[in-house]
Structures are given as C-alpha cells and as structure tokens.
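J.: I have a structure here, written as structure tokens, and I will follow up with some questions on it.
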Amino acid sequence: MTKKILSNKNNLQILHEDNHLIIVNKRAGDIVQGDKTGDKPLSDIVKAYIKDKYNKPGNVFLGTVHRLDRPTTGIVVFAKTSKALTRLNKLFLTKAIQKTYWAVVKNAPPKQEDTLIHWLKKNPKNNKSYAHLKEVQGSKKAVLHYKTLKKLDHYVLLEINLETGRHHQIRSQLSVIGCVIKGDLKYGADRSNKDAGIHLHARQIQFVHPVSKEQINVMAPPPKDPVWDACI
C-alpha cells in the first residue's frame with residue numbers, strides 16, 4: 001500500500017516514499033534533470049525535500065532512473081540509494097516495469113484499440129521525432145498499444161502502454177494517426193494550454209521493488225482542470 005504525502009514547502013506531490021525510492025507526480029513545465037535552460041530541475045527539488053525532511057548533512061544522493069518530457073505530467077521515479085539505482089536501471093532496461101499513460105486527444109482514433117508500429121527519426125534541430133511506416137536511415141522502431149477509455153464532448157481519453165521508449169514516442173505516433181494531444185503545438189495542436197503543458201499524463205507504474213521485493217503499484221492523479229476532471 002502506498003501513501004500519498006504532500007510537501008507544500010517544496011511544492012511536491014509525493015506518491016510513494018521508502019528508504020530506497022521516492023516517486024513523485026511531476027507538474028507540467030518541470031524538467032526532470034538540469035538542461036541548457038538553467039531552470040531548477042525536479043531532481044534538485046526532490047533533493048532539497050529529502051535534505052530538509054531528514055536533516056541530512058552534506059550532499060543528498062538521488063539517482064534519476066527515467067525522464068518525462070517537460071510539458072508532460074505524472075509519475076517520475078527516483079532512487080534514494082545507489083543499490084536501488086543500479087537495480088532500477090536494470091528493471092527499466094529489461095522492461096520489467098509497466099507504465100501506463102493517459103492522453104487526451106482532439107480526434108477519436110480509427111479503432112477503439114490498436115497497436116501502432118512506426119519507425120521514429122529524431123531531428124535534433126527542432127527536438128522533434130517523425131514517424132515513418134517503414135524503416136528509414138537513422139530511425140528506431142517504436143511500438144505502443146492504445147485503447148479508448150472515454151469520449152468527452154470535444155475530446156477523447158486514450159490509455160497507452162509502451163513497448164518501446166523512444167523520444168516523443170506517444171506524441172509522434174498519435175499525431176501521425178490524426179490524434180493530436182491537447183495543447184501539443186509541436187505535433188499539430190491548434191492552440192496551447194494555459195500552463196504550456198500538454199494533456200499527456202504518466203498515470204500508473206507497476207514493478208517489483210528492487211530491494212524489498214514487494215509489489216509497487218502507484219497511480220498519479222492528473223492535474224486539476226476541467227478536461228482532466230471530466231476524465232476521472
């Protein structure tokens with residue numbers, strides 16, 4: 001059983017915490033690790049929270065296991081110990097971690113549920129991935145499974161499970177079948193969201209704890225807004 005803890009001082013929503021792991025609900029606009037923007041990353045905010053909560057002297061160890069795009073919200077897992085970091089990296093590498101995403105899209109997909117297979121090629125100049133039906137030079141195979149969860153007045157809620165983890169995979173693959181994510185200007189949305197985020201949310205994660213071996217099953221509530229509220 002996971003316990004949700006809210007830390008207002010550090011503006012963090014913590015979904016699970018133990019001696020080896022900390023799982024947080026990322027907000028739109030947060031970067032997971034530092035980049036050329038110089039903005040304070042989520043990893044530094046989590047370190048500050050740990051240092052303050054446990055009165056830790058000196059530097060705090062925190063291992064970044066995976067990332068979410070800046071405009072995306074939802075679950076991010078960090079390792080609090082080097083033992084957990086090594087083992088979590090192996091779990092992600094061997095696909096022993098099950099992640100589920102929610103996406104709110106403008107148009108309904110051609111099928112109620114389906115598997116999408118494309119070859120993605122990243123263009124570093126505009127930080128965008130392009131989906132191709134056949135392999136092209138420099139491309140990587142991308143596979144996802146989606147199903148329709150709910151039809152809203154103007155949007156459709158999809159649940160997505162990834163088989164591969166490519167750059168902007170969900171955003172690129174959904175856009176190429178005409179299902180642009182709400183607010184995602186980079187991949188064809190008509191207009192942006194007020195918070196500059198997109199309606200793509202890392203909803204749930206399930207895995208066996210790398211140290212205690214207990215089953216971890218964490219679900220992240222989506223941000224509060226009228227569209228997400230209509231999805232719940």
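Residues are named by chain letter and number: chains run A, B, ... in the order of the structure tokens, numbers start at 1 in each chain, and ligands are numbered from 1 in the order shown.
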Applying 9 Å and only C-alpha atoms, which residues near A:Lys128 remain after dropping the ones on its own chain fewer than 2 positions away? List them as a ChimeraX atom specification.
T.: /A:121-126,130,167-168,172,186-187
J.: Selection from above, N, CA and C atoms, as a PDB file, in the first residue's frame, can you write it?
T.:
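Output contents, as saved in selection35.pdb:
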ATOM      1  N   LYS A 121      12.311   8.871 -36.288  1.00  0.00           N
ATOM      2  CA  LYS A 121      13.605   9.507 -36.517  1.00  0.00           C
ATOM      3  C   LYS A 121      13.594  10.890 -35.875  1.00  0.00           C
ATOM      4  N   LYS A 122      14.555  11.125 -35.007  1.00  0.00           N
ATOM      5  CA  LYS A 122      14.620  12.393 -34.281  1.00  0.00           C
ATOM      6  C   LYS A 122      15.395  13.430 -35.070  1.00  0.00           C
ATOM      7  N   ASN A 123      14.844  14.641 -35.083  1.00  0.00           N
ATOM      8  CA  ASN A 123      15.546  15.788 -35.649  1.00  0.00           C
ATOM      9  C   ASN A 123      16.010  16.666 -34.485  1.00  0.00           C
ATOM     10  N   PRO A 124      17.317  16.646 -34.176  1.00  0.00           N
ATOM     11  CA  PRO A 124      17.808  17.402 -33.019  1.00  0.00           C
ATOM     12  C   PRO A 124      17.623  18.915 -33.159  1.00  0.00           C
ATOM     13  N   LYS A 125      17.557  19.402 -34.400  1.00  0.00           N
ATOM     14  CA  LYS A 125      17.464  20.850 -34.610  1.00  0.00           C
ATOM     15  C   LYS A 125      16.155  21.414 -34.062  1.00  0.00           C
ATOM     16  N   ASN A 126      15.060  20.691 -34.256  1.00  0.00           N
ATOM     17  CA  ASN A 126      13.776  21.177 -33.717  1.00  0.00           C
ATOM     18  C   ASN A 126      13.258  20.298 -32.579  1.00  0.00           C
ATOM     19  N   TYR A 130       9.895  12.198 -36.008  1.00  0.00           N
ATOM     20  CA  TYR A 130       8.994  11.992 -37.137  1.00  0.00           C
ATOM     21  C   TYR A 130       8.742  10.498 -37.318  1.00  0.00           C
ATOM     22  N   HIS A 167      12.095   8.785 -28.128  1.00  0.00           N
ATOM     23  CA  HIS A 167      11.943  10.233 -27.969  1.00  0.00           C
ATOM     24  C   HIS A 167      10.582  10.681 -28.507  1.00  0.00           C
ATOM     25  N   HIS A 168       9.781  11.318 -27.646  1.00  0.00           N
ATOM     26  CA  HIS A 168       8.453  11.833 -28.023  1.00  0.00           C
ATOM     27  C   HIS A 168       7.576  10.774 -28.684  1.00  0.00           C
ATOM     28  N   SER A 172       4.395  11.640 -31.092  1.00  0.00           N
ATOM     29  CA  SER A 172       4.626  11.489 -32.525  1.00  0.00           C
ATOM     30  C   SER A 172       3.704  10.444 -33.147  1.00  0.00           C
ATOM     31  N   LYS A 186       3.739  21.418 -30.875  1.00  0.00           N
ATOM     32  CA  LYS A 186       4.854  20.837 -31.638  1.00  0.00           C
ATOM     33  C   LYS A 186       4.376  19.744 -32.588  1.00  0.00           C
ATOM     34  N   TYR A 187       3.315  19.040 -32.197  1.00  0.00           N
ATOM     35  CA  TYR A 187       2.828  17.930 -33.013  1.00  0.00           C
ATOM     36  C   TYR A 187       1.449  18.195 -33.622  1.00  0.00           C
TER      37      TYR A 187
END
J.: Pick out each residue of stretch 5-231 of chain A that DSSP on the backbone tags as strand (DSSP E); I need them as a ChimeraX atom specification.
T.: /A:5-7,12-17,21-26,63-64,73-79,98-105,113-123,128-132,140-151,156-162,200-208,215-219
J.: Using only C-alpha atoms, which residues sit within 12 Å of A:Ala48 once same-chain residues fewer than 6 positions away are excluded, as a short mmCIF file (atom, residue, chain, number, x, y, z; two decimals) with C-alpha atoms, in the first residue's frame?
T.:
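Written output follows (selection.cif):
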data_model
loop_
_atom_site.label_atom_id
_atom_site.label_comp_id
_atom_site.auth_asym_id
_atom_site.auth_seq_id
_atom_site.Cartn_x
_atom_site.Cartn_y
_atom_site.Cartn_z
CA SER A 7 5.04 18.64 0.87
CA LYS A 9 7.19 23.69 1.33
CA ASN A 10 8.87 22.07 -1.67
CA ASN A 11 5.71 22.08 -3.81
CA LEU A 12 5.99 18.34 -4.37
CA LYS A 40 15.86 24.30 -11.46
CA PRO A 41 15.20 20.62 -12.19
CA LEU A 42 12.79 18.35 -10.35
CA TYR A 54 15.68 14.04 7.27
CA ASN A 55 18.08 16.84 8.32
CA LYS A 56 20.78 15.34 6.10
CA PRO A 57 24.20 17.00 6.23
CA GLY A 58 26.19 17.39 3.02
CA ASN A 59 25.07 16.28 -0.40
CA VAL A 60 21.97 14.12 -0.85
CA PHE A 61 22.19 11.09 -3.17
CA LEU A 62 19.41 10.91 -5.75
#
J.: Using only C-alpha atoms, determine which residues lie at most 8 Å from A:Lys141, disregarding the query and same-chain residues fewer than 5 positions distant; provide the list as a PDB file with C-alpha atoms, in the first residue's frame.
T.:
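Dumped everything to part13.pdb:
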ATOM      1  CA  ILE A 117       4.161   0.388 -35.107  1.00  0.00           C
ATOM      2  CA  HIS A 118       6.306   3.108 -36.638  1.00  0.00           C
ATOM      3  CA  TRP A 119       9.924   3.971 -37.211  1.00  0.00           C
ATOM      4  CA  LEU A 120      10.831   7.207 -35.436  1.00  0.00           C
ATOM      5  CA  GLU A 135      12.424   1.917 -41.649  1.00  0.00           C
ATOM      6  CA  THR A 164       9.486   0.822 -26.580  1.00  0.00           C
TER       7      THR A 164
END
J.: Can you list, as an MDAnalysis selection string, every protein, DNA or RNA residue that comes within 8 Å of stretch 195-200 of chain A when you count only C-alpha atoms, leaving out same-chain residues fewer than 6 positions away?
T.: chainID A and resid 28:29 70:73 101:105 181:184
J.: Export C-alpha atoms of the chosen residues as a PDB file, in the first residue's frame?
T.:
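Result file result_6.pdb:
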ATOM      1  CA  ALA A  28       3.743  20.495 -16.421  1.00  0.00           C
ATOM      2  CA  GLY A  29       6.805  22.650 -17.016  1.00  0.00           C
ATOM      3  CA  ARG A  70       8.843  18.932 -19.908  1.00  0.00           C
ATOM      4  CA  PRO A  71       5.176  19.569 -20.868  1.00  0.00           C
ATOM      5  CA  THR A  72       4.109  16.082 -19.708  1.00  0.00           C
ATOM      6  CA  THR A  73       2.775  15.389 -16.213  1.00  0.00           C
ATOM      7  CA  TYR A 101      -0.154   6.776 -19.793  1.00  0.00           C
ATOM      8  CA  TRP A 102      -3.299   8.803 -20.356  1.00  0.00           C
ATOM      9  CA  ALA A 103      -3.638  11.115 -23.345  1.00  0.00           C
ATOM     10  CA  VAL A 104      -6.468  13.490 -24.179  1.00  0.00           C
ATOM     11  CA  VAL A 105      -6.695  13.841 -27.957  1.00  0.00           C
ATOM     12  CA  ILE A 181      -2.695  15.544 -27.931  1.00  0.00           C
ATOM     13  CA  LYS A 182      -4.487  18.574 -26.492  1.00  0.00           C
ATOM     14  CA  GLY A 183      -2.082  21.512 -26.188  1.00  0.00           C
ATOM     15  CA  ASP A 184       0.752  19.872 -28.119  1.00  0.00           C
TER      16      ASP A 184
END
J.: Compile the contact shell of A:Tyr146 as a list in words: residues with an atom at most 7 Å away, counting only C-alpha atoms, same-chain residues fewer than 3 positions apart removed.
T.: Glu113, Asp114, Thr115, Leu158, Glu159, Ile160 and Asn161 of chain A
J.: For the residues in that selection, give me N, CA and C atoms as an mmCIF file, in the first residue's frame.
T.:
data_model
loop_
_atom_site.group_PDB
_atom_site.id
_atom_site.type_symbol
_atom_site.label_atom_id
_atom_site.label_comp_id
_atom_site.auth_asym_id
_atom_site.auth_seq_id
_atom_site.Cartn_x
_atom_site.Cartn_y
_atom_site.Cartn_z
ATOM 1 N N GLU A 113 -9.314 0.262 -30.116
ATOM 2 C CA GLU A 113 -7.999 -0.059 -29.559
ATOM 3 C C GLU A 113 -7.143 -0.665 -30.658
ATOM 4 N N ASP A 114 -5.824 -0.460 -30.525
ATOM 5 C CA ASP A 114 -4.946 -0.914 -31.598
ATOM 6 C C ASP A 114 -3.495 -0.878 -31.128
ATOM 7 N N THR A 115 -2.634 -1.496 -31.921
ATOM 8 C CA THR A 115 -1.191 -1.415 -31.733
ATOM 9 C C THR A 115 -0.609 -0.582 -32.864
ATOM 10 N N LEU A 158 -7.488 8.462 -24.134
ATOM 11 C CA LEU A 158 -6.856 7.206 -24.508
ATOM 12 C C LEU A 158 -5.944 6.717 -23.386
ATOM 13 N N GLU A 159 -5.867 5.402 -23.233
ATOM 14 C CA GLU A 159 -4.886 4.780 -22.335
ATOM 15 C C GLU A 159 -3.808 4.139 -23.208
ATOM 16 N N ILE A 160 -2.556 4.378 -22.853
ATOM 17 C CA ILE A 160 -1.440 3.937 -23.698
ATOM 18 C C ILE A 160 -0.438 3.139 -22.884
ATOM 19 N N ASN A 161 0.002 2.033 -23.450
ATOM 20 C CA ASN A 161 1.099 1.246 -22.889
ATOM 21 C C ASN A 161 2.202 1.143 -23.933
#
J.: For A:Lys26, which residue among A:Val65, A:Ile75, A:Val211, A:Leu133 is the nearest when counting only C-alpha atoms?
T.: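 So, comparing all the options, the nearest one is A:Ile75.
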J.: So how far away is atom CA of A:Asp30 from atom CA of A:Arg191, in Å?
T.: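 Value for the atom CA of A:Arg191-atom CA of A:Asp30 distance: 20.3 Å.
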J.: Under the rule that only C-alpha atoms are counted, which of A:Met219, A:Val24, A:Leu91, A:Ala131 is the nearest residue to A:Arg171?
T.: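 Ranked by minimum distance to A:Arg171, first place goes to A:Ala131.
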J.: I'd like the neighbourhood of A:Ile177 as a PyMOL selection string, where a residue qualifies if any of its atoms comes within 8 Å (using only C-alpha atoms), though same-chain residues fewer than 2 positions away should be ignored.
T.: chain A and resi 109-110+173-175+179
J.: Which residue out of A:Lys150, A:Asp44, A:His20, A:Glu163 has the minimum interatomic distance to A:Leu93 when only C-alpha atoms are used?
T.: A:Glu163
J.: Write out as JSON lines the residues of stretch 72-182 of chain A that have any atom within 12 Å of an atom of stretch 49-53 of chain A, one row each with the nearest atom pair and its distance in Å to one decimal, counting only C-alpha atoms, sorted by chain and then rising number.
T.:
{"residue": "A:Phe78", "atom": "CA", "partner": "A:Ile50", "partner_atom": "CA", "distance": 11.7}
{"residue": "A:Ala79", "atom": "CA", "partner": "A:Ile50", "partner_atom": "CA", "distance": 11.8}
{"residue": "A:Lys80", "atom": "CA", "partner": "A:Ile50", "partner_atom": "CA", "distance": 9.1}
J.: Pick out the closest residue to A:His16 from this set: A:Arg67, A:His145, A:His209, A:Lys194. Count only C-alpha atoms.
T.: A:His209
